[in-house]
Amino acid sequence: MPIRRFGCHKSLVSRSETPKLSYGYSKMNVSRNGYRVFSANSSTASAQLAKKITERLGVELGKAVVYQEGNAETRVDVKESVRGQDIFIIQTIPRDVNTAIMELLIMAYALKTSCAKNIIGVIPYFPYSKQCKMRKRGSIVCKLLASMLAKAGLTHIITMDLHQKEIQGFFSFPVDNLRASPFLIQYIQEEIPDYRNAVIVAKSPSAAKRAQSYSERLRLGLAVLHGAAHNLESSMGDGPTSPPPARFNAGHTGLELPPNTVSRSRVPFPGIELPMMMAKEKPPITVVGDVGGRIAIIVDDIIDDVQEFVAAAEILKERGAYKIYIMATHGLLSAEAPRLIEESAIDEVVVTNTVPHEVQKLQCPKIKTVDVSMILAEAIRRIHNGESMAYLFRNIAVDD
């Protein structure tokens, strides 16, 4: 019996008649490579950075609705299919930090249950990053938040200038910690007249490494402030327990006594001598370095409560600095920060747009903004395409 071969016959439709798909670079919700970008912010002001990033990528924001119900519960409705896609959630942190966190967690979980392939959180300012150390009987909240994000379904995070680089160890998935220093250095070179006559200032010894990185790349001098007017964070406690008393009775140590032994609490017994715990006492604030007749540029990662910066500016003015700039990545600028800046000796405060601060800018014209959407958009593109991130960290020092 002849063997019949079953195969694919040539198509009756010629190549010229085959329909062509046009991708182009016009804005669309899905790129031809299969990724989408969502914003988890319910407020319009907080979504401005997401719009700038999507404009640079040439895509539109994913269709989703994030809102607060009448009982203050957060609800997220994803309005399009995300199955098998790489999803990027851009979440900026406004003043209502806890609401923003819940919006991010709920959206990530909604995308996870909708069968998204990868869920990458783009969180330029990572909240609770200052609570990354044990403070007596407190807790490491940053570690808790990292666990919550992983449980919600995130598989990767893009952030910028973590308060402590060791925070990356809290996560069970990759973390790309981008740097804003190239943008701030460019601002110094282009917007500060006679910046060659400037000196980079660290407002505390703990910020000296960051200031040294700036000074080396700008070829400028370095000064460090030291004293009681700053570094309040380190004085909050040294560890998870309070200092023990200088003397205690061995009869109350909980040790089991031999049989037929009289309790030592009734018999005089010398206690164990411990060294006295000396209390910290900081010297008056001083400036290590020459700032006389120069422009002082204070660099830091976060500017929130500006009282330390105002006190530092007054000292620098007394030491002869004729202009004072503050450069910081995250401009939280809480409470009365705009008014205090306006009334202080500070000439200009330069921050990036990782945190929305348009209201503060209206209250204080000294506040200037540097746009970092370019590097965030490039990070999204490279991660999705599987390209190396090394280009975004070129000429970046380890201590930056």
# chains A, B, ... in the order shown; residues from 1 in each chain; ligands from 1
$ select_by_dssp --residues "range 70-152 of chain A" --states "helix (DSSP H, G or I)" --output "PDB file with all heavy atoms, in the first residue's frame"
ATOM      1  N   VAL A  97       1.948  58.762  52.736  1.00  0.00           N
ATOM      2  CA  VAL A  97       2.831  57.648  52.409  1.00  0.00           C
ATOM      3  C   VAL A  97       2.092  56.317  52.473  1.00  0.00           C
ATOM      4  O   VAL A  97       2.212  55.484  51.556  1.00  0.00           O
ATOM      5  CB  VAL A  97       4.046  57.633  53.361  1.00  0.00           C
ATOM      6  CG1 VAL A  97       4.942  56.444  53.074  1.00  0.00           C
ATOM      7  CG2 VAL A  97       4.822  58.930  53.246  1.00  0.00           C
ATOM      8  N   ASN A  98       1.333  56.091  53.522  1.00  0.00           N
ATOM      9  CA  ASN A  98       0.706  54.790  53.722  1.00  0.00           C
ATOM     10  C   ASN A  98      -0.332  54.485  52.642  1.00  0.00           C
ATOM     11  O   ASN A  98      -0.467  53.334  52.218  1.00  0.00           O
ATOM     12  CB  ASN A  98       0.062  54.723  55.110  1.00  0.00           C
ATOM     13  CG  ASN A  98       1.100  54.827  56.210  1.00  0.00           C
ATOM     14  OD1 ASN A  98       2.232  54.382  56.057  1.00  0.00           O
ATOM     15  ND2 ASN A  98       0.728  55.424  57.337  1.00  0.00           N
ATOM     16  N   THR A  99      -1.054  55.494  52.178  1.00  0.00           N
ATOM     17  CA  THR A  99      -2.004  55.283  51.087  1.00  0.00           C
ATOM     18  C   THR A  99      -1.273  54.898  49.811  1.00  0.00           C
ATOM     19  O   THR A  99      -1.710  54.000  49.083  1.00  0.00           O
ATOM     20  CB  THR A  99      -2.843  56.554  50.859  1.00  0.00           C
ATOM     21  OG1 THR A  99      -3.598  56.839  52.034  1.00  0.00           O
ATOM     22  CG2 THR A  99      -3.788  56.377  49.680  1.00  0.00           C
ATOM     23  N   ALA A 100      -0.152  55.543  49.541  1.00  0.00           N
ATOM     24  CA  ALA A 100       0.628  55.222  48.343  1.00  0.00           C
ATOM     25  C   ALA A 100       1.145  53.788  48.400  1.00  0.00           C
ATOM     26  O   ALA A 100       1.189  53.091  47.378  1.00  0.00           O
ATOM     27  CB  ALA A 100       1.788  56.206  48.202  1.00  0.00           C
ATOM     28  N   ILE A 101       1.548  53.342  49.575  1.00  0.00           N
ATOM     29  CA  ILE A 101       2.034  51.967  49.716  1.00  0.00           C
ATOM     30  C   ILE A 101       0.908  50.972  49.440  1.00  0.00           C
ATOM     31  O   ILE A 101       1.095  49.970  48.727  1.00  0.00           O
ATOM     32  CB  ILE A 101       2.628  51.752  51.117  1.00  0.00           C
ATOM     33  CG1 ILE A 101       3.924  52.556  51.265  1.00  0.00           C
ATOM     34  CG2 ILE A 101       2.890  50.270  51.381  1.00  0.00           C
ATOM     35  CD1 ILE A 101       4.495  52.537  52.669  1.00  0.00           C
ATOM     36  N   MET A 102      -0.272  51.223  49.984  1.00  0.00           N
ATOM     37  CA  MET A 102      -1.394  50.329  49.749  1.00  0.00           C
ATOM     38  C   MET A 102      -1.786  50.315  48.271  1.00  0.00           C
ATOM     39  O   MET A 102      -2.140  49.255  47.722  1.00  0.00           O
ATOM     40  CB  MET A 102      -2.589  50.733  50.610  1.00  0.00           C
ATOM     41  CG  MET A 102      -2.452  50.382  52.074  1.00  0.00           C
ATOM     42  SD  MET A 102      -2.131  48.614  52.344  1.00  0.00           S
ATOM     43  CE  MET A 102      -3.589  47.873  51.608  1.00  0.00           C
ATOM     44  N   GLU A 103      -1.742  51.464  47.615  1.00  0.00           N
ATOM     45  CA  GLU A 103      -2.038  51.508  46.178  1.00  0.00           C
ATOM     46  C   GLU A 103      -1.071  50.630  45.406  1.00  0.00           C
ATOM     47  O   GLU A 103      -1.471  49.877  44.503  1.00  0.00           O
ATOM     48  CB  GLU A 103      -1.956  52.951  45.682  1.00  0.00           C
ATOM     49  CG  GLU A 103      -3.062  53.858  46.195  1.00  0.00           C
ATOM     50  CD  GLU A 103      -2.852  55.312  45.839  1.00  0.00           C
ATOM     51  OE1 GLU A 103      -1.729  55.656  45.392  1.00  0.00           O
ATOM     52  OE2 GLU A 103      -3.788  56.118  46.013  1.00  0.00           O
ATOM     53  N   LEU A 104       0.203  50.688  45.751  1.00  0.00           N
ATOM     54  CA  LEU A 104       1.206  49.877  45.066  1.00  0.00           C
ATOM     55  C   LEU A 104       0.995  48.394  45.332  1.00  0.00           C
ATOM     56  O   LEU A 104       1.050  47.567  44.406  1.00  0.00           O
ATOM     57  CB  LEU A 104       2.601  50.313  45.526  1.00  0.00           C
ATOM     58  CG  LEU A 104       3.796  49.517  44.978  1.00  0.00           C
ATOM     59  CD1 LEU A 104       3.832  49.586  43.463  1.00  0.00           C
ATOM     60  CD2 LEU A 104       5.094  50.026  45.573  1.00  0.00           C
ATOM     61  N   LEU A 105       0.751  48.032  46.590  1.00  0.00           N
ATOM     62  CA  LEU A 105       0.560  46.624  46.936  1.00  0.00           C
ATOM     63  C   LEU A 105      -0.671  46.041  46.248  1.00  0.00           C
ATOM     64  O   LEU A 105      -0.626  44.935  45.686  1.00  0.00           O
ATOM     65  CB  LEU A 105       0.436  46.483  48.449  1.00  0.00           C
ATOM     66  CG  LEU A 105       1.685  46.768  49.290  1.00  0.00           C
ATOM     67  CD1 LEU A 105       1.333  46.775  50.773  1.00  0.00           C
ATOM     68  CD2 LEU A 105       2.774  45.739  49.020  1.00  0.00           C
ATOM     69  N   ILE A 106      -1.767  46.777  46.257  1.00  0.00           N
ATOM     70  CA  ILE A 106      -3.007  46.266  45.674  1.00  0.00           C
ATOM     71  C   ILE A 106      -2.892  46.156  44.163  1.00  0.00           C
ATOM     72  O   ILE A 106      -3.342  45.175  43.560  1.00  0.00           O
ATOM     73  CB  ILE A 106      -4.192  47.157  46.089  1.00  0.00           C
ATOM     74  CG1 ILE A 106      -4.412  47.065  47.601  1.00  0.00           C
ATOM     75  CG2 ILE A 106      -5.462  46.760  45.349  1.00  0.00           C
ATOM     76  CD1 ILE A 106      -5.451  48.023  48.134  1.00  0.00           C
ATOM     77  N   MET A 107      -2.251  47.139  43.516  1.00  0.00           N
ATOM     78  CA  MET A 107      -2.088  47.053  42.064  1.00  0.00           C
ATOM     79  C   MET A 107      -1.167  45.890  41.699  1.00  0.00           C
ATOM     80  O   MET A 107      -1.434  45.150  40.735  1.00  0.00           O
ATOM     81  CB  MET A 107      -1.536  48.363  41.504  1.00  0.00           C
ATOM     82  CG  MET A 107      -1.212  48.271  40.020  1.00  0.00           C
ATOM     83  SD  MET A 107      -0.952  49.853  39.208  1.00  0.00           S
ATOM     84  CE  MET A 107      -2.648  50.325  38.878  1.00  0.00           C
ATOM     85  N   ALA A 108      -0.083  45.700  42.439  1.00  0.00           N
ATOM     86  CA  ALA A 108       0.832  44.595  42.148  1.00  0.00           C
ATOM     87  C   ALA A 108       0.106  43.259  42.289  1.00  0.00           C
ATOM     88  O   ALA A 108       0.274  42.360  41.449  1.00  0.00           O
ATOM     89  CB  ALA A 108       2.036  44.652  43.087  1.00  0.00           C
ATOM     90  N   TYR A 109      -0.713  43.126  43.311  1.00  0.00           N
ATOM     91  CA  TYR A 109      -1.434  41.869  43.512  1.00  0.00           C
ATOM     92  C   TYR A 109      -2.487  41.665  42.425  1.00  0.00           C
ATOM     93  O   TYR A 109      -2.715  40.535  41.971  1.00  0.00           O
ATOM     94  CB  TYR A 109      -2.080  41.859  44.893  1.00  0.00           C
ATOM     95  CG  TYR A 109      -2.626  40.512  45.278  1.00  0.00           C
ATOM     96  CD1 TYR A 109      -1.778  39.449  45.564  1.00  0.00           C
ATOM     97  CD2 TYR A 109      -4.003  40.295  45.353  1.00  0.00           C
ATOM     98  CE1 TYR A 109      -2.283  38.209  45.910  1.00  0.00           C
ATOM     99  CE2 TYR A 109      -4.517  39.058  45.704  1.00  0.00           C
ATOM    100  CZ  TYR A 109      -3.650  38.020  45.988  1.00  0.00           C
ATOM    101  OH  TYR A 109      -4.154  36.789  46.328  1.00  0.00           O
ATOM    102  N   ALA A 110      -3.130  42.746  42.000  1.00  0.00           N
ATOM    103  CA  ALA A 110      -4.110  42.647  40.923  1.00  0.00           C
ATOM    104  C   ALA A 110      -3.447  42.190  39.623  1.00  0.00           C
ATOM    105  O   ALA A 110      -3.998  41.370  38.881  1.00  0.00           O
ATOM    106  CB  ALA A 110      -4.802  43.996  40.719  1.00  0.00           C
ATOM    107  N   LEU A 111      -2.255  42.705  39.335  1.00  0.00           N
ATOM    108  CA  LEU A 111      -1.535  42.304  38.123  1.00  0.00           C
ATOM    109  C   LEU A 111      -1.033  40.864  38.242  1.00  0.00           C
ATOM    110  O   LEU A 111      -0.981  40.125  37.257  1.00  0.00           O
ATOM    111  CB  LEU A 111      -0.373  43.260  37.886  1.00  0.00           C
ATOM    112  CG  LEU A 111      -0.769  44.704  37.572  1.00  0.00           C
ATOM    113  CD1 LEU A 111       0.452  45.623  37.623  1.00  0.00           C
ATOM    114  CD2 LEU A 111      -1.436  44.796  36.199  1.00  0.00           C
ATOM    115  N   LYS A 112      -0.636  40.477  39.441  1.00  0.00           N
ATOM    116  CA  LYS A 112      -0.181  39.100  39.659  1.00  0.00           C
ATOM    117  C   LYS A 112      -1.313  38.108  39.393  1.00  0.00           C
ATOM    118  O   LYS A 112      -1.108  37.085  38.721  1.00  0.00           O
ATOM    119  CB  LYS A 112       0.331  38.957  41.094  1.00  0.00           C
ATOM    120  CG  LYS A 112       0.747  37.549  41.479  1.00  0.00           C
ATOM    121  CD  LYS A 112       1.143  37.488  42.946  1.00  0.00           C
ATOM    122  CE  LYS A 112       1.483  36.066  43.383  1.00  0.00           C
ATOM    123  NZ  LYS A 112       1.851  36.011  44.826  1.00  0.00           N
ATOM    124  N   THR A 113      -2.478  38.393  39.922  1.00  0.00           N
ATOM    125  CA  THR A 113      -3.612  37.498  39.708  1.00  0.00           C
ATOM    126  C   THR A 113      -4.160  37.575  38.285  1.00  0.00           C
ATOM    127  O   THR A 113      -4.939  36.716  37.886  1.00  0.00           O
ATOM    128  CB  THR A 113      -4.740  37.831  40.700  1.00  0.00           C
ATOM    129  OG1 THR A 113      -5.091  39.218  40.594  1.00  0.00           O
ATOM    130  CG2 THR A 113      -4.292  37.538  42.128  1.00  0.00           C
ATOM    131  N   VAL A 141      11.277  48.664  59.871  1.00  0.00           N
ATOM    132  CA  VAL A 141      10.082  48.747  59.031  1.00  0.00           C
ATOM    133  C   VAL A 141      10.429  48.565  57.560  1.00  0.00           C
ATOM    134  O   VAL A 141       9.637  48.018  56.792  1.00  0.00           O
ATOM    135  CB  VAL A 141       9.362  50.089  59.267  1.00  0.00           C
ATOM    136  CG1 VAL A 141       8.069  50.158  58.474  1.00  0.00           C
ATOM    137  CG2 VAL A 141       9.082  50.290  60.745  1.00  0.00           C
ATOM    138  N   CYS A 142      11.596  49.006  57.161  1.00  0.00           N
ATOM    139  CA  CYS A 142      12.000  48.880  55.755  1.00  0.00           C
ATOM    140  C   CYS A 142      12.050  47.413  55.330  1.00  0.00           C
ATOM    141  O   CYS A 142      11.677  47.067  54.211  1.00  0.00           O
ATOM    142  CB  CYS A 142      13.366  49.547  55.570  1.00  0.00           C
ATOM    143  SG  CYS A 142      13.813  49.806  53.850  1.00  0.00           S
ATOM    144  N   LYS A 143      12.515  46.553  56.211  1.00  0.00           N
ATOM    145  CA  LYS A 143      12.540  45.113  55.937  1.00  0.00           C
ATOM    146  C   LYS A 143      11.122  44.574  55.814  1.00  0.00           C
ATOM    147  O   LYS A 143      10.831  43.739  54.945  1.00  0.00           O
ATOM    148  CB  LYS A 143      13.296  44.404  57.071  1.00  0.00           C
ATOM    149  CG  LYS A 143      13.145  42.892  57.097  1.00  0.00           C
ATOM    150  CD  LYS A 143      13.713  42.230  55.853  1.00  0.00           C
ATOM    151  CE  LYS A 143      13.620  40.719  55.969  1.00  0.00           C
ATOM    152  NZ  LYS A 143      13.976  40.026  54.717  1.00  0.00           N
ATOM    153  N   LEU A 144      10.223  45.027  56.671  1.00  0.00           N
ATOM    154  CA  LEU A 144       8.817  44.611  56.597  1.00  0.00           C
ATOM    155  C   LEU A 144       8.206  44.998  55.255  1.00  0.00           C
ATOM    156  O   LEU A 144       7.509  44.195  54.612  1.00  0.00           O
ATOM    157  CB  LEU A 144       8.031  45.240  57.739  1.00  0.00           C
ATOM    158  CG  LEU A 144       6.506  45.069  57.700  1.00  0.00           C
ATOM    159  CD1 LEU A 144       6.120  43.612  57.811  1.00  0.00           C
ATOM    160  CD2 LEU A 144       5.847  45.888  58.804  1.00  0.00           C
ATOM    161  N   LEU A 145       8.472  46.229  54.802  1.00  0.00           N
ATOM    162  CA  LEU A 145       7.917  46.691  53.531  1.00  0.00           C
ATOM    163  C   LEU A 145       8.469  45.876  52.366  1.00  0.00           C
ATOM    164  O   LEU A 145       7.738  45.554  51.420  1.00  0.00           O
ATOM    165  CB  LEU A 145       8.232  48.178  53.350  1.00  0.00           C
ATOM    166  CG  LEU A 145       7.690  48.835  52.082  1.00  0.00           C
ATOM    167  CD1 LEU A 145       6.192  48.651  51.965  1.00  0.00           C
ATOM    168  CD2 LEU A 145       8.046  50.322  52.060  1.00  0.00           C
ATOM    169  N   ALA A 146       9.742  45.526  52.416  1.00  0.00           N
ATOM    170  CA  ALA A 146      10.337  44.699  51.362  1.00  0.00           C
ATOM    171  C   ALA A 146       9.646  43.343  51.278  1.00  0.00           C
ATOM    172  O   ALA A 146       9.370  42.837  50.179  1.00  0.00           O
ATOM    173  CB  ALA A 146      11.834  44.528  51.619  1.00  0.00           C
ATOM    174  N   SER A 147       9.346  42.754  52.421  1.00  0.00           N
ATOM    175  CA  SER A 147       8.647  41.460  52.440  1.00  0.00           C
ATOM    176  C   SER A 147       7.232  41.592  51.896  1.00  0.00           C
ATOM    177  O   SER A 147       6.741  40.708  51.178  1.00  0.00           O
ATOM    178  CB  SER A 147       8.614  40.912  53.870  1.00  0.00           C
ATOM    179  OG  SER A 147       9.922  40.747  54.390  1.00  0.00           O
ATOM    180  N   MET A 148       6.555  42.690  52.215  1.00  0.00           N
ATOM    181  CA  MET A 148       5.191  42.905  51.728  1.00  0.00           C
ATOM    182  C   MET A 148       5.170  43.050  50.209  1.00  0.00           C
ATOM    183  O   MET A 148       4.275  42.523  49.534  1.00  0.00           O
ATOM    184  CB  MET A 148       4.597  44.145  52.393  1.00  0.00           C
ATOM    185  CG  MET A 148       4.343  43.988  53.880  1.00  0.00           C
ATOM    186  SD  MET A 148       3.963  45.561  54.699  1.00  0.00           S
ATOM    187  CE  MET A 148       2.438  46.014  53.888  1.00  0.00           C
ATOM    188  N   LEU A 149       6.145  43.766  49.648  1.00  0.00           N
ATOM    189  CA  LEU A 149       6.205  43.942  48.194  1.00  0.00           C
ATOM    190  C   LEU A 149       6.432  42.613  47.484  1.00  0.00           C
ATOM    191  O   LEU A 149       5.839  42.347  46.437  1.00  0.00           O
ATOM    192  CB  LEU A 149       7.311  44.940  47.837  1.00  0.00           C
ATOM    193  CG  LEU A 149       7.066  46.390  48.275  1.00  0.00           C
ATOM    194  CD1 LEU A 149       8.303  47.243  48.017  1.00  0.00           C
ATOM    195  CD2 LEU A 149       5.862  46.990  47.558  1.00  0.00           C
ATOM    196  N   ALA A 150       7.302  41.783  48.058  1.00  0.00           N
ATOM    197  CA  ALA A 150       7.551  40.472  47.458  1.00  0.00           C
ATOM    198  C   ALA A 150       6.292  39.599  47.523  1.00  0.00           C
ATOM    199  O   ALA A 150       5.955  38.895  46.562  1.00  0.00           O
ATOM    200  CB  ALA A 150       8.716  39.789  48.170  1.00  0.00           C
ATOM    201  N   LYS A 151       5.603  39.646  48.643  1.00  0.00           N
ATOM    202  CA  LYS A 151       4.382  38.855  48.798  1.00  0.00           C
ATOM    203  C   LYS A 151       3.291  39.316  47.845  1.00  0.00           C
ATOM    204  O   LYS A 151       2.494  38.499  47.350  1.00  0.00           O
ATOM    205  CB  LYS A 151       3.891  38.970  50.247  1.00  0.00           C
ATOM    206  CG  LYS A 151       2.768  38.018  50.599  1.00  0.00           C
ATOM    207  CD  LYS A 151       3.237  36.588  50.607  1.00  0.00           C
ATOM    208  CE  LYS A 151       2.131  35.645  51.073  1.00  0.00           C
ATOM    209  NZ  LYS A 151       2.566  34.228  51.036  1.00  0.00           N
ATOM    210  N   ALA A 152       3.245  40.624  47.560  1.00  0.00           N
ATOM    211  CA  ALA A 152       2.215  41.154  46.656  1.00  0.00           C
ATOM    212  C   ALA A 152       2.451  40.751  45.216  1.00  0.00           C
ATOM    213  O   ALA A 152       1.518  40.812  44.400  1.00  0.00           O
ATOM    214  CB  ALA A 152       2.166  42.677  46.764  1.00  0.00           C
TER     215      ALA A 152
END
$ closest_atom_pairs --of "range 132-247 of chain A" --to "range 294-297 of chain A" --cutoff "6 Å" --atoms "only C-alpha atoms" --output "tab-separated table"
residue	atom	partner	partner_atom	distance
A:Asn197	CA	A:Arg294	CA	5.7
A:Ala198	CA	A:Ile295	CA	4.2
A:Val199	CA	A:Ala296	CA	5.2
A:Ile200	CA	A:Ile297	CA	4.9
A:Val201	CA	A:Ile297	CA	5.7
$ atom_distance --atom1 "CA of Leu218 in chain A" --atom2 "CA of Phe183 in chain A"
12.7 Å
$ atom_distance --atom1 "CA of Asn353 in chain A" --atom2 "CA of Val370 in chain A"
6.4 Å
$ closest_residue --among "A:Thr92, A:Ile272, A:Val372, A:Ile140" --to "Ile167 in chain A" --atoms "only C-alpha atoms"
A:Ile140
$ select_by_dssp --residues "range 298-399 of chain A" --states "strand (DSSP E)" --output "VMD selection string"
chain A and resid 298 to 303 323 to 331 348 to 352 367 to 370
$ closest_atom_pairs --of "range 149-189 of chain A" --to "range 386-397 of chain A" --cutoff "9 Å" --atoms "only C-alpha atoms" --output "JSON lines"
{"residue": "A:Asp176", "atom": "CA", "partner": "A:Met389", "partner_atom": "CA", "distance": 8.5}
{"residue": "A:Leu178", "atom": "CA", "partner": "A:Phe393", "partner_atom": "CA", "distance": 7.4}
{"residue": "A:Arg179", "atom": "CA", "partner": "A:Phe393", "partner_atom": "CA", "distance": 7.5}
{"residue": "A:Ser181", "atom": "CA", "partner": "A:Ile396", "partner_atom": "CA", "distance": 8.3}
{"residue": "A:Pro182", "atom": "CA", "partner": "A:Ile396", "partner_atom": "CA", "distance": 8.4}
$ write_last_selection --atoms "C-alpha atoms" --output "compact mmCIF listing (two decimals), in the first residue's frame"
# COMPACT_ATOMS: atom_id res chain seq x y z
CA ASP A 176 18.49 48.51 40.81
CA LEU A 178 20.04 54.32 40.38
CA ARG A 179 21.95 57.52 41.16
CA SER A 181 24.32 62.58 41.19
CA PRO A 182 25.06 62.95 37.43
$ residues_around --residues "Pro174 in chain A" --least-positions-apart "3" --cutoff "9 Å" --atoms "only C-alpha atoms" --output "list in words"
Thr155, His156, Ile157, Ile158, Gln168 and Phe171 of chain A
$ write_last_selection --atoms "N, CA and C atoms" --output "mmCIF file, in the first residue's frame"
data_model
loop_
_atom_site.group_PDB
_atom_site.id
_atom_site.type_symbol
_atom_site.label_atom_id
_atom_site.label_comp_id
_atom_site.auth_asym_id
_atom_site.auth_seq_id
_atom_site.Cartn_x
_atom_site.Cartn_y
_atom_site.Cartn_z
ATOM 1 N N THR A 155 8.576 41.419 41.280
ATOM 2 C CA THR A 155 9.727 40.576 40.951
ATOM 3 C C THR A 155 11.010 41.371 40.760
ATOM 4 N N HIS A 156 10.916 42.693 40.818
ATOM 5 C CA HIS A 156 12.085 43.550 40.559
ATOM 6 C C HIS A 156 11.705 44.956 41.016
ATOM 7 N N ILE A 157 12.696 45.732 41.419
ATOM 8 C CA ILE A 157 12.438 47.119 41.819
ATOM 9 C C ILE A 157 13.507 48.025 41.204
ATOM 10 N N ILE A 158 13.059 49.157 40.701
ATOM 11 C CA ILE A 158 13.950 50.243 40.279
ATOM 12 C C ILE A 158 13.724 51.393 41.245
ATOM 13 N N GLN A 168 19.211 47.015 50.058
ATOM 14 C CA GLN A 168 19.026 46.065 48.961
ATOM 15 C C GLN A 168 19.034 44.627 49.462
ATOM 16 N N PHE A 171 15.644 42.556 50.277
ATOM 17 C CA PHE A 171 14.748 42.061 49.235
ATOM 18 C C PHE A 171 15.174 40.667 48.777
#
$ residues_around --residues "Pro284 in chain A" --least-positions-apart "2" --cutoff "12 Å" --atoms "only C-alpha atoms" --output "JSON, numbers by chain"
{"A": [225, 226, 227, 228, 229, 230, 281, 282, 286, 287, 315]}
$ atom_distance --atom1 "CA of Lys79 in chain A" --atom2 "CA of Thr159 in chain A"
26.3 Å
$ residues_around --residues "Ala211 in chain A" --least-positions-apart "5" --cutoff "9 Å" --atoms "only C-alpha atoms" --output "VMD selection string"
chain A and resid 200 to 202 216 222 to 224 298 to 300 400
$ write_last_selection --atoms "C-alpha atoms" --output "PDB file, in the first residue's frame"
ATOM      1  CA  ILE A 200      31.312  70.628  48.753  1.00  0.00           C
ATOM      2  CA  VAL A 201      29.994  70.370  52.309  1.00  0.00           C
ATOM      3  CA  ALA A 202      28.842  67.301  54.246  1.00  0.00           C
ATOM      4  CA  GLU A 216      36.336  64.409  43.414  1.00  0.00           C
ATOM      5  CA  LEU A 222      35.648  69.338  50.800  1.00  0.00           C
ATOM      6  CA  ALA A 223      34.354  70.520  54.190  1.00  0.00           C
ATOM      7  CA  VAL A 224      32.554  68.612  56.940  1.00  0.00           C
ATOM      8  CA  ILE A 298      25.657  70.926  50.858  1.00  0.00           C
ATOM      9  CA  VAL A 299      24.874  67.506  49.370  1.00  0.00           C
ATOM     10  CA  ASP A 300      22.590  64.838  50.850  1.00  0.00           C
ATOM     11  CA  ASP A 400      27.948  57.786  45.986  1.00  0.00           C
TER      12      ASP A 400
END
$ residues_around --residues "Ala64 in chain A" --least-positions-apart "6" --cutoff "10 Å" --atoms "only C-alpha atoms" --output "list in words"
Phe38, Ser39, Ala40, Val76, Asp77, Val78, Lys79, Glu80 and Met107 of chain A
$ closest_residue --among "A:Ala72, A:Ala116, A:Ala321, A:Ile93" --to "Tyr128 in chain A" --atoms "only C-alpha atoms"
A:Ile93
$ residues_around --residues "Ile303 in chain A" --least-positions-apart "2" --cutoff "9 Å" --atoms "only C-alpha atoms" --output "list in words"
Asp300, Asp301, Asp305, Val306, Phe309, Ile326, Met327, Ala328, Thr329, His330, Gly331, Leu332, Leu333, Ser334 and Val351 of chain A
